file query.txt (compact mmCIF, C-alpha atoms)
# COMPACT_ATOMS: atom_id res chain seq x y z
CA MET A 1 -6.54 70.96 -140.68
CA SER A 2 -6.25 74.73 -140.31
CA SER A 3 -4.68 75.79 -137.04
CA LYS A 4 -5.97 78.76 -135.17
CA ILE A 5 -2.60 80.30 -134.38
CA SER A 6 -0.62 82.47 -136.79
CA PRO A 7 2.36 81.07 -138.72
CA LEU A 8 4.70 83.28 -136.70
CA ALA A 9 3.36 81.89 -133.44
CA GLU A 10 3.71 78.38 -134.88
CA PHE A 11 7.40 79.09 -135.30
CA THR A 12 8.08 80.93 -132.05
CA LYS A 13 6.16 78.63 -129.71
CA GLY A 14 9.02 76.11 -129.72
CA ILE A 15 11.54 78.75 -128.74
CA TRP A 16 9.97 79.85 -125.47
CA LYS A 17 6.34 78.99 -124.58
CA ASP A 18 6.39 75.31 -125.57
CA ASN A 19 10.16 74.88 -125.55
CA PRO A 20 10.81 71.13 -125.85
CA VAL A 21 13.27 71.11 -122.95
CA MET A 22 12.11 73.90 -120.65
CA ALA A 23 8.35 73.36 -120.99
CA SER A 24 7.85 69.75 -122.12
CA LEU A 25 11.03 68.18 -120.68
CA LEU A 26 11.49 66.19 -123.90
CA GLY A 27 14.76 64.81 -125.23
CA LEU A 28 16.58 65.19 -121.92
CA CYS A 29 19.16 62.44 -122.53
CA PRO A 30 21.27 64.44 -125.01
CA VAL A 31 20.49 67.66 -123.14
CA LEU A 32 22.14 66.29 -120.01
CA ALA A 33 24.78 64.10 -121.64
CA VAL A 34 26.56 66.24 -124.23
CA THR A 35 26.37 69.76 -122.79
CA ASN A 36 29.72 69.65 -120.99
CA ALA A 37 31.05 72.10 -123.59
CA ALA A 38 29.31 74.80 -125.63
CA MET A 39 30.53 73.44 -128.98
CA ASN A 40 29.10 69.99 -128.22
CA GLY A 41 25.75 71.56 -127.34
CA LEU A 42 25.71 73.56 -130.58
CA ALA A 43 26.62 70.54 -132.74
CA MET A 44 24.08 68.29 -131.04
CA GLY A 45 21.38 70.97 -131.34
CA LEU A 46 22.01 71.49 -135.04
CA ALA A 47 22.13 67.75 -135.77
CA THR A 48 18.83 67.27 -133.93
CA THR A 49 17.27 70.25 -135.73
CA PHE A 50 18.33 68.81 -139.08
CA VAL A 51 16.74 65.44 -138.29
CA LEU A 52 13.60 67.06 -136.86
CA VAL A 53 13.02 69.38 -139.83
CA THR A 54 13.72 66.82 -142.57
CA SER A 55 11.66 64.07 -140.89
CA SER A 56 8.78 66.48 -140.30
CA LEU A 57 8.74 67.54 -143.95
CA ILE A 58 8.67 63.96 -145.24
CA ILE A 59 6.15 62.77 -142.67
CA SER A 60 3.76 65.67 -143.19
CA ALA A 61 4.01 65.10 -146.96
CA LEU A 62 3.19 61.41 -146.52
CA ARG A 63 0.65 61.87 -143.72
CA ASN A 64 -2.38 60.80 -145.78
CA PHE A 65 -0.49 57.93 -147.37
CA ILE A 66 0.94 56.05 -144.36
CA PRO A 67 -1.67 53.70 -142.81
CA HIS A 68 -2.40 54.59 -139.20
CA GLN A 69 -1.49 51.08 -137.96
CA VAL A 70 2.11 51.20 -139.21
CA ARG A 71 2.78 54.90 -138.77
CA ILE A 72 5.30 54.51 -135.91
CA ALA A 73 7.34 51.94 -137.86
CA GLY A 74 7.30 54.26 -140.88
CA TYR A 75 8.29 57.30 -138.79
CA ILE A 76 11.18 55.48 -137.15
CA VAL A 77 12.61 54.35 -140.50
CA ILE A 78 12.39 57.90 -141.84
CA ILE A 79 13.94 59.38 -138.67
CA ALA A 80 16.70 56.75 -138.57
CA THR A 81 17.56 57.48 -142.20
CA PHE A 82 18.14 61.17 -141.50
CA VAL A 83 20.02 60.42 -138.28
CA THR A 84 22.40 58.18 -140.22
CA VAL A 85 22.81 60.89 -142.86
CA ALA A 86 23.71 63.40 -140.10
CA ASP A 87 26.03 60.94 -138.35
CA ARG A 88 27.95 60.13 -141.54
CA PHE A 89 28.08 63.83 -142.42
CA LEU A 90 29.74 64.69 -139.09
CA ALA A 91 32.15 61.73 -139.34
CA ALA A 92 33.18 62.76 -142.86
CA PHE A 93 33.39 66.53 -142.52
CA MET A 94 33.76 67.29 -138.79
CA PRO A 95 35.69 64.31 -137.34
CA ASP A 96 36.58 66.13 -134.09
CA ILE A 97 32.98 66.92 -133.24
CA SER A 98 31.90 63.45 -134.32
CA ALA A 99 34.45 61.94 -131.91
CA SER A 100 33.43 64.13 -128.98
CA LEU A 101 29.70 63.42 -129.41
CA GLY A 102 30.37 59.68 -129.75
CA PRO A 103 27.25 57.51 -129.57
CA TYR A 104 24.89 60.44 -128.89
CA ILE A 105 24.44 61.25 -132.58
CA PRO A 106 23.09 57.76 -133.48
CA LEU A 107 20.95 58.02 -130.33
CA ILE A 108 19.02 60.96 -131.86
CA VAL A 109 16.85 58.16 -133.33
CA VAL A 110 15.33 57.58 -129.90
CA ASN A 111 15.09 61.26 -128.95
CA CYS A 112 11.45 61.50 -127.90
CA LEU A 113 11.33 65.14 -129.01
CA ILE A 114 11.53 64.01 -132.65
CA LEU A 115 9.01 61.17 -132.57
CA GLY A 116 6.84 63.33 -130.30
CA ARG A 117 6.61 66.18 -132.83
CA GLN A 118 5.80 63.72 -135.66
CA GLU A 119 2.99 62.15 -133.68
CA ALA A 120 1.65 65.40 -132.23
CA PHE A 121 2.13 67.74 -135.16
CA SER A 122 3.54 66.66 -138.53
CA SER A 123 1.16 63.74 -138.92
CA LYS A 124 -1.80 66.15 -138.58
CA ASN A 125 -0.58 69.33 -140.32
CA GLY A 126 0.56 70.47 -143.75
CA ILE A 127 4.14 70.81 -144.93
CA GLY A 128 4.36 74.58 -144.33
CA ARG A 129 3.13 74.44 -140.76
CA SER A 130 5.28 71.37 -140.02
CA LEU A 131 8.35 73.21 -141.30
CA LEU A 132 7.64 76.19 -139.01
CA ASP A 133 6.87 73.96 -136.03
CA SER A 134 9.94 71.75 -136.41
CA LEU A 135 12.26 74.66 -137.12
CA GLY A 136 11.03 76.49 -134.02
CA MET A 137 11.29 73.38 -131.85
CA GLY A 138 14.76 72.63 -133.22
CA ILE A 139 15.99 76.16 -132.58
CA GLY A 140 14.47 76.14 -129.08
CA PHE A 141 16.20 72.83 -128.35
CA THR A 142 19.53 74.11 -129.73
CA LEU A 143 19.35 77.33 -127.68
CA VAL A 144 18.85 75.39 -124.45
CA LEU A 145 21.77 73.07 -125.31
CA ILE A 146 24.05 76.03 -126.04
CA THR A 147 22.97 77.81 -122.83
CA LEU A 148 23.66 74.72 -120.74
CA GLY A 149 26.93 74.09 -122.59
CA VAL A 150 28.14 77.68 -122.07
CA ILE A 151 27.30 77.71 -118.34
CA ARG A 152 28.85 74.30 -117.71
CA GLU A 153 31.95 74.99 -119.80
CA ILE A 154 32.64 78.34 -118.08
CA LEU A 155 32.25 76.89 -114.59
CA GLY A 156 33.69 73.45 -115.30
CA SER A 157 36.57 74.24 -117.66
CA GLY A 158 37.00 78.02 -117.39
CA SER A 159 36.53 78.44 -121.14
CA ILE A 160 33.85 79.25 -123.69
CA PHE A 161 33.74 77.49 -127.09
CA GLY A 162 37.21 76.16 -126.24
CA ALA A 163 38.79 79.60 -125.61
CA ALA A 164 40.03 80.12 -122.06
CA ILE A 165 38.35 83.17 -120.50
CA MET A 166 39.09 82.71 -116.82
CA GLY A 167 42.46 83.72 -115.37
CA ASP A 168 44.90 81.52 -113.50
CA TRP A 169 43.08 82.28 -110.23
CA PHE A 170 40.11 80.23 -111.38
CA THR A 171 39.80 76.65 -110.19
CA PRO A 172 37.40 74.74 -112.47
CA TRP A 173 34.35 73.25 -110.76
CA MET A 174 34.89 69.69 -111.86
CA VAL A 175 31.33 68.72 -110.93
CA MET A 176 29.92 71.00 -113.64
CA ILE A 177 31.29 68.90 -116.50
CA LEU A 178 30.23 65.67 -114.79
CA PRO A 179 26.63 64.37 -114.97
CA PRO A 180 25.53 66.00 -111.66
CA GLY A 181 26.46 69.41 -113.11
CA ALA A 182 23.99 68.83 -115.94
CA PHE A 183 21.13 68.11 -113.55
CA LEU A 184 21.99 71.08 -111.31
CA THR A 185 22.22 73.53 -114.21
CA LEU A 186 19.07 72.29 -115.94
CA GLY A 187 17.08 72.35 -112.67
CA ILE A 188 18.10 75.92 -111.93
CA LEU A 189 17.37 77.03 -115.51
CA ILE A 190 13.88 75.49 -115.47
CA ALA A 191 13.17 77.02 -112.06
CA LEU A 192 14.24 80.45 -113.36
CA ALA A 193 12.10 80.06 -116.50
CA ASN A 194 9.05 79.07 -114.46
CA TRP A 195 9.59 81.96 -112.08
CA PHE A 196 9.97 84.36 -115.02
CA ASN A 197 6.72 83.11 -116.60
CA ASP A 198 4.75 83.28 -113.34
CA PRO A 199 6.51 84.87 -110.36
CA SER A 200 3.64 83.86 -108.04
CA SER A 201 4.32 80.17 -108.75
CA SER A 202 7.30 80.32 -106.42
CA LEU A 203 5.00 80.96 -103.45
CA THR A 204 2.66 77.99 -103.82
CA SER A 205 3.83 74.50 -104.66
CA PRO A 206 2.07 73.13 -107.75
CA ARG A 207 1.42 69.86 -105.96
CA SER A 208 -0.79 71.47 -103.30
CA LYS A 209 -2.64 73.36 -106.04
CA ASP A 210 -3.40 70.11 -107.88
CA LYS A 211 -4.65 68.41 -104.73
CA GLY A 212 -6.90 71.36 -104.01
CA ALA A 213 -8.37 71.14 -107.47
CA ALA A 214 -8.96 67.39 -107.27
CA SER A 215 -10.68 67.30 -103.94
CA MET B 216 -4.91 53.11 -152.89
CA SER B 217 -8.31 52.81 -151.25
CA LYS B 218 -9.15 49.83 -153.46
CA LEU B 219 -6.34 47.76 -151.92
CA ASN B 220 -7.04 46.06 -148.67
CA LEU B 221 -5.34 47.34 -145.55
CA SER B 222 -2.64 44.66 -145.17
CA THR B 223 -1.49 45.11 -148.76
CA ARG B 224 -1.39 48.85 -148.26
CA MET B 225 0.65 48.55 -145.07
CA ILE B 226 3.16 46.26 -146.75
CA LEU B 227 3.39 48.50 -149.81
CA VAL B 228 3.93 51.72 -147.86
CA LEU B 229 6.53 50.26 -145.49
CA THR B 230 8.38 48.59 -148.36
CA LEU B 231 8.43 51.84 -150.28
CA ILE B 232 9.73 53.81 -147.29
CA THR B 233 12.50 51.31 -146.51
CA VAL B 234 13.56 51.02 -150.18
CA LEU B 235 13.80 54.82 -150.46
CA SER B 236 15.69 54.94 -147.17
CA GLY B 237 18.15 52.30 -148.37
CA GLY B 238 18.67 54.20 -151.61
CA ILE B 239 19.37 57.49 -149.82
CA LEU B 240 21.76 55.84 -147.37
CA SER B 241 23.76 53.90 -149.95
CA GLY B 242 24.11 57.03 -152.06
CA TRP B 243 25.21 59.10 -149.08
CA ASP B 244 27.59 56.37 -147.95
CA SER B 245 29.43 56.43 -151.27
CA VAL B 246 29.94 60.19 -150.78
CA THR B 247 31.14 60.05 -147.17
CA LYS B 248 33.00 56.72 -147.07
CA PRO B 249 36.27 57.87 -148.72
CA LYS B 250 36.37 60.96 -146.49
CA ILE B 251 35.80 58.94 -143.32
CA ALA B 252 38.50 56.44 -144.32
CA PHE B 253 40.84 59.36 -145.03
CA HIS B 254 40.26 60.86 -141.55
CA ARG B 255 40.85 57.46 -139.92
CA LEU B 256 44.14 57.07 -141.76
CA GLU B 257 45.22 60.61 -140.89
CA ALA B 258 44.40 60.01 -137.22
CA LEU B 259 46.37 56.74 -137.32
CA LYS B 260 49.39 58.42 -138.94
CA ALA B 261 49.27 61.26 -136.43
CA ALA B 262 49.11 58.81 -133.51
CA ILE B 263 52.04 56.77 -134.87
CA GLY B 264 53.99 59.99 -135.36
CA ASP B 265 53.27 60.96 -131.76
CA VAL B 266 54.59 57.74 -130.20
CA LEU B 267 57.60 56.96 -132.42
CA PRO B 268 60.80 58.92 -133.04
CA ALA B 269 61.07 60.86 -136.33
CA HIS B 270 60.60 58.53 -139.29
CA ASP B 271 59.82 58.80 -142.98
CA ASN B 272 57.66 55.82 -143.58
CA TYR B 273 56.06 52.87 -141.88
CA GLU B 274 55.05 49.39 -142.96
CA THR B 275 52.10 47.53 -141.55
CA LEU B 276 52.79 43.99 -140.43
CA GLU B 277 49.91 41.65 -139.57
CA THR B 278 50.79 39.32 -136.69
CA ASP B 279 49.09 37.21 -134.03
CA ALA B 280 49.40 40.24 -131.74
CA GLY B 281 47.48 42.43 -134.17
CA THR B 282 48.85 44.99 -136.59
CA LEU B 283 52.39 46.26 -136.00
CA TYR B 284 53.56 49.49 -137.61
CA VAL B 285 57.28 49.24 -138.31
CA ALA B 286 58.80 52.68 -138.92
CA THR B 287 61.93 53.33 -140.98
CA THR B 288 63.85 56.38 -142.15
CA ALA B 289 64.63 56.99 -145.82
CA GLY B 290 67.66 55.10 -147.09
CA SER B 291 67.75 52.53 -144.32
CA ASP B 292 66.04 49.23 -143.70
CA GLU B 293 66.75 49.31 -139.98
CA PRO B 294 63.53 50.06 -138.13
CA VAL B 295 63.60 53.07 -135.80
CA GLY B 296 60.63 51.90 -133.81
CA ILE B 297 57.55 49.69 -133.69
CA ALA B 298 54.08 50.98 -132.93
CA PHE B 299 50.89 49.07 -132.17
CA THR B 300 47.54 49.62 -130.52
CA ALA B 301 46.76 48.06 -127.15
CA VAL B 302 43.16 47.68 -126.00
CA GLY B 303 41.79 46.84 -122.57
CA SER B 304 39.49 47.88 -119.75
CA GLY B 305 39.88 51.25 -118.09
CA PHE B 306 37.97 52.52 -115.06
CA GLN B 307 34.64 52.91 -116.87
CA GLY B 308 35.12 51.57 -120.35
CA GLU B 309 37.52 50.48 -123.02
CA LEU B 310 40.89 52.17 -123.40
CA ARG B 311 42.64 52.17 -126.79
CA ILE B 312 46.27 53.19 -126.62
CA MET B 313 48.85 53.69 -129.36
CA VAL B 314 52.18 52.41 -128.09
CA GLY B 315 55.66 52.99 -129.47
CA LEU B 316 58.62 50.69 -128.71
CA THR B 317 62.29 50.79 -129.63
CA PRO B 318 63.21 48.12 -132.26
CA ASP B 319 64.86 45.96 -129.55
CA LEU B 320 61.54 46.07 -127.64
CA THR B 321 63.15 47.13 -124.35
CA GLN B 322 62.01 50.74 -124.00
CA LEU B 323 58.91 52.72 -124.77
CA THR B 324 59.26 55.63 -127.17
CA GLY B 325 55.87 57.07 -126.23
CA ILE B 326 52.21 56.30 -125.71
CA LYS B 327 49.02 58.05 -126.74
CA VAL B 328 45.55 57.23 -125.47
CA LEU B 329 43.27 57.19 -128.52
CA GLU B 330 39.95 56.39 -126.89
CA GLN B 331 38.85 56.58 -123.26
CA ILE B 332 35.80 57.37 -121.14
CA GLU B 333 37.57 57.85 -117.80
CA THR B 334 36.27 60.24 -115.13
CA PRO B 335 36.71 63.83 -116.39
CA GLY B 336 39.29 65.70 -114.34
CA LEU B 337 40.72 62.58 -112.71
CA GLY B 338 41.15 59.59 -115.00
CA THR B 339 41.35 61.83 -118.07
CA LYS B 340 44.76 62.97 -116.81
CA ILE B 341 46.08 59.88 -118.62
CA VAL B 342 45.52 62.02 -121.74
CA VAL B 343 45.98 65.60 -120.54
CA ASP B 344 46.08 67.29 -117.12
CA PRO B 345 44.93 70.92 -117.43
CA SER B 346 45.59 71.48 -113.70
CA ASN B 347 49.33 71.11 -114.30
CA LYS B 348 50.14 74.42 -115.96
CA GLN B 349 53.83 73.68 -116.59
CA ASN B 350 53.30 70.40 -118.38
CA PRO B 351 49.74 69.17 -118.94
CA PHE B 352 51.13 66.02 -120.58
CA TRP B 353 53.36 65.04 -117.66
CA TRP B 354 51.63 61.69 -117.21
CA PRO B 355 51.85 60.15 -120.71
CA GLU B 356 55.34 61.65 -121.13
CA GLN B 357 56.68 59.55 -118.27
CA PHE B 358 56.42 56.55 -120.58
CA LYS B 359 58.94 58.02 -123.00
CA GLY B 360 62.12 56.02 -122.33
CA ALA B 361 60.55 53.81 -119.67
CA HIS B 362 61.89 50.25 -119.54
CA VAL B 363 59.31 47.54 -120.18
CA SER B 364 61.10 44.66 -118.46
CA PRO B 365 60.35 42.99 -116.20
CA GLU B 366 57.17 45.09 -116.45
CA LEU B 367 55.80 48.59 -115.97
CA VAL B 368 54.82 49.33 -112.37
CA VAL B 369 52.71 52.17 -110.97
CA ILE B 370 53.99 53.64 -107.72
CA LYS B 371 52.15 56.05 -105.47
CA ASN B 372 53.13 59.16 -103.48
CA VAL B 373 56.85 58.93 -104.20
CA LYS B 374 58.95 59.92 -107.19
CA PRO B 375 59.91 57.02 -109.47
CA THR B 376 63.51 55.88 -109.01
CA LYS B 377 63.66 52.85 -111.30
CA LYS B 378 63.39 52.91 -115.07
CA ASN B 379 60.26 50.79 -115.15
CA GLU B 380 58.33 52.84 -112.60
CA ILE B 381 55.49 55.20 -113.48
CA GLN B 382 54.12 57.72 -111.01
CA GLY B 383 50.40 57.12 -110.44
CA ILE B 384 47.78 59.87 -110.76
CA THR B 385 46.39 60.98 -107.40
CA GLY B 386 42.68 60.11 -107.37
CA ALA B 387 42.94 57.96 -110.49
CA THR B 388 45.01 54.98 -109.42
CA ILE B 389 42.69 52.59 -111.24
CA SER B 390 43.09 54.46 -114.53
CA SER B 391 46.89 54.63 -114.06
CA VAL B 392 47.17 50.91 -113.32
CA ALA B 393 44.76 50.07 -116.16
CA VAL B 394 47.08 51.74 -118.66
CA THR B 395 50.21 49.93 -117.43
CA ASP B 396 48.37 46.60 -117.24
CA ILE B 397 47.13 46.98 -120.80
CA LEU B 398 50.65 47.89 -121.97
CA ASN B 399 52.30 45.01 -120.08
CA ALA B 400 49.88 42.44 -121.47
CA GLN B 401 50.12 43.66 -125.06
CA ILE B 402 53.91 44.06 -124.98
CA ILE B 403 54.28 40.35 -124.09
CA GLN B 404 52.15 39.46 -127.12
CA VAL B 405 54.08 41.80 -129.39
CA LYS B 406 57.42 40.39 -128.23
CA LYS B 407 56.27 36.87 -129.09
CA ALA B 408 54.90 37.91 -132.46
CA TRP B 409 57.99 39.97 -133.32
CA THR B 410 60.31 37.09 -132.43
CA ALA B 411 58.21 34.71 -134.53
CA LYS B 412 58.58 37.09 -137.49
CA GLY B 413 62.33 36.96 -137.17
CA GLY B 414 62.89 40.27 -135.45
CA PRO B 415 65.35 40.62 -132.56
CA ALA B 416 64.01 39.04 -129.40

call {"tool": "encode", "arguments": {"input": "query.txt", "output": "structure tokens"}}
result
Amino acid sequence: MSSKISPLAEFTKGIWKDNPVMASLLGLCPVLAVTNAAMNGLAMGLATTFVLVTSSLIISALRNFIPHQVRIAGYIVIIATFVTVADRFLAAFMPDISASLGPYIPLIVVNCLILGRQEAFSSKNGIGRSLLDSLGMGIGFTLVLITLGVIREILGSGSIFGAAIMGDWFTPWMVMILPPGAFLTLGILIALANWFNDPSSSLTSPRSKDKGAAS
Amino acid sequence: MSKLNLSTRMILVLTLITVLSGGILSGWDSVTKPKIAFHRLEALKAAIGDVLPAHDNYETLETDAGTLYVATTAGSDEPVGIAFTAVGSGFQGELRIMVGLTPDLTQLTGIKVLEQIETPGLGTKIVVDPSNKQNPFWWPEQFKGAHVSPELVVIKNVKPTKKNEIQGITGATISSVAVTDILNAQIIQVKKAWTAKGGPA
């Protein structure tokens, strides 16, 4: 079960190279839905990270014990337990954030990022590696949510983390806090990230490359 | 474990996981439940305080029209106002509104939208309108002192002249009308229930 990459790389891969949102396009529902303000993005990111890390620890600890045939059912129960813990925690201690995130906290259960990491990583690796992997993925996910939230909140509400930063001259771009603003911002961010990773990719469309390889 | 056959093992493992999960959740629930109930009550008190004139206490009264909150000041049994929640369809989803009425049920003392998923920037002006720098709460504040009979009416493009008229929100007529419709319907129910309980008709 030993992986070839170093523990540090195991942790950092989720933040940039294999970032769940930017590279794998996983868990997009909350990414698009709750990032109309920076604070919502931060809270959602942290709640998801909590569920991801705790589920990964339990599942990697039980990986040799859960029969292969019922693993998904087992994973979902474990994930749902931690999601409920997080949901009740927010409702009890941070009622404002709980109200603004509404149904998206319970919906972490079906975030494919979480089940995806269990299936692809925690069920095959030890507790230490699973901790590093899930922590890195969680932080990578949170950073993207905060970035999207900050951009959309500045343009759509003229504020950042609730504090107004734009003067009276600024007219908020209403579209940025509506669903289309989420798609626009995410598309531009992913395009920038791809261009940064491989500037030549902007010259040739990946589709024509694939066709060339297949024929 | 390997001695057991596969089905038994599957049942055992899943049972164990769900029992542990249930244990964790019931334990956590007993920690968070009082705090959640406390926040709900605080939010309710704050909303009642927002829609009714200054009062010291309120009683809850269960009626056919739902729960009524009858507010009184210290040293007097005369109610200063009656609050209740009204629920109905908005533009995209359910609206829950806390409503305050004078004790004779003729005028509103205030309203507060508690839950809504209206269009941000348009329908959400029923709660707050950040584009109006002088008074972001101009829309809900119109209801303060509005007459509820014969019924609340939304008018467009002109300033209200009658006591039961509410100026609509440009671009969010459906949300504006939804609020007044919900209020009108619930006020009729509350009037009936209040009369049945012996209050002034």

call {"tool": "closest_residue", "arguments": {"input": "query.txt", "among": "A:Ile78, A:Ile108, A:Ile59, A:Leu186", "to": "Lys124 in chain A", "atoms": "all atoms listed in the file"}}
result
A:Ile59

call {"tool": "closest_atom_pairs", "arguments": {"input": "query.txt", "of": "chain A", "to": "chain B", "cutoff": "7 Å", "atoms": "only C-alpha atoms", "output": "Markdown table"}}
result
| residue | atom | partner | partner_atom | distance |
| --- | --- | --- | --- | --- |
| A:Ile66 | CA | B:Val228 | CA | 6.3 |
| A:Pro67 | CA | B:Met225 | CA | 6.1 |
| A:Val70 | CA | B:Met225 | CA | 6.6 |
| A:Gly74 | CA | B:Leu229 | CA | 6.2 |
| A:Val77 | CA | B:Thr233 | CA | 6.7 |
| A:Ile78 | CA | B:Ser236 | CA | 6.9 |
| A:Thr81 | CA | B:Ser236 | CA | 5.9 |
| A:Val85 | CA | B:Leu240 | CA | 6.9 |
| A:Arg88 | CA | B:Thr247 | CA | 6.5 |
| A:Phe89 | CA | B:Thr247 | CA | 6.8 |
| A:Ala91 | CA | B:Ile251 | CA | 6.1 |
| A:Ala92 | CA | B:Ile251 | CA | 4.7 |
| A:Met174 | CA | B:Gly336 | CA | 6.4 |
| A:Leu178 | CA | B:Pro335 | CA | 6.9 |

call {"tool": "residues_around", "arguments": {"input": "query.txt", "residues": "Thr317 in chain B", "least_positions_apart": "4", "cutoff": "10 Å", "atoms": "only C-alpha atoms", "output": "list of chain:residue names"}}
result
B:Leu267, B:Pro268, B:Pro294, B:Val295, B:Gly296, B:Ile297, B:Ala298, B:Thr321, B:Gln322, B:Leu323, B:Thr324, B:Gly325, B:Gly360

call {"tool": "residues_around", "arguments": {"input": "query.txt", "residues": "Glu153 in chain A", "least_positions_apart": "2", "cutoff": "9 Å", "atoms": "all atoms listed in the file", "output": "ChimeraX atom specification"}}
result
/A:35-38,148-151,155-162,176-177

call {"tool": "atom_distance", "arguments": {"input": "query.txt", "atom1": "CA of Gln357 in chain B", "atom2": "CA of Val302 in chain B"}}
result
19.6 Å

call {"tool": "atom_distance", "arguments": {"input": "query.txt", "atom1": "CA of Ile402 in chain B", "atom2": "CA of Leu310 in chain B"}}
result
15.4 Å

call {"tool": "residues_around", "arguments": {"input": "query.txt", "residues": "Leu8 in chain A", "least_positions_apart": "3", "cutoff": "10 Å", "atoms": "only C-alpha atoms", "output": "PyMOL selection string"}}
result
chain A and resi 5+11-13+129+132-133+136

call {"tool": "residues_around", "arguments": {"input": "query.txt", "residues": "Asn379 in chain B", "least_positions_apart": "3", "cutoff": "8 Å", "atoms": "all atoms listed in the file", "output": "PyMOL selection string"}}
result
chain B and resi 361-368

call {"tool": "closest_residue", "arguments": {"input": "query.txt", "among": "A:Pro20, A:Ser6, A:Thr84, A:Tyr75", "to": "Ile190 in chain A", "atoms": "all atoms listed in the file"}}
result
A:Pro20

call {"tool": "atom_distance", "arguments": {"input": "query.txt", "atom1": "CA of Pro95 in chain A", "atom2": "CA of Gly303 in chain B"}}
result
23.7 Å

call {"tool": "decode", "arguments": {"input": "query.txt", "residues": "range 44-66 of chain A", "atoms": "C-alpha atoms", "output": "PDB file, in the first residue's frame"}}
result
ATOM      1  CA  MET A  44     -18.968  25.813   3.389  1.00  0.00           C
ATOM      2  CA  GLY A  45     -15.301  25.003   2.726  1.00  0.00           C
ATOM      3  CA  LEU A  46     -14.554  24.386   6.388  1.00  0.00           C
ATOM      4  CA  ALA A  47     -17.681  22.265   6.898  1.00  0.00           C
ATOM      5  CA  THR A  48     -16.774  20.157   3.854  1.00  0.00           C
ATOM      6  CA  THR A  49     -13.163  19.830   5.037  1.00  0.00           C
ATOM      7  CA  PHE A  50     -14.356  18.657   8.448  1.00  0.00           C
ATOM      8  CA  VAL A  51     -16.582  15.980   6.904  1.00  0.00           C
ATOM      9  CA  LEU A  52     -13.890  14.929   4.413  1.00  0.00           C
ATOM     10  CA  VAL A  53     -11.129  14.575   7.021  1.00  0.00           C
ATOM     11  CA  THR A  54     -13.205  12.781   9.674  1.00  0.00           C
ATOM     12  CA  SER A  55     -14.813  10.394   7.156  1.00  0.00           C
ATOM     13  CA  SER A  56     -11.432   9.636   5.585  1.00  0.00           C
ATOM     14  CA  LEU A  57      -9.908   8.800   8.961  1.00  0.00           C
ATOM     15  CA  ILE A  58     -12.712   6.416   9.914  1.00  0.00           C
ATOM     16  CA  ILE A  59     -12.920   4.811   6.490  1.00  0.00           C
ATOM     17  CA  SER A  60      -9.170   4.270   6.161  1.00  0.00           C
ATOM     18  CA  ALA A  61      -9.155   2.770   9.673  1.00  0.00           C
ATOM     19  CA  LEU A  62     -11.985   0.393   8.741  1.00  0.00           C
ATOM     20  CA  ARG A  63     -10.798  -0.290   5.182  1.00  0.00           C
ATOM     21  CA  ASN A  64      -9.881  -3.940   5.787  1.00  0.00           C
ATOM     22  CA  PHE A  65     -12.998  -4.558   7.835  1.00  0.00           C
ATOM     23  CA  ILE A  66     -15.815  -3.310   5.562  1.00  0.00           C
TER      24      ILE A  66
END
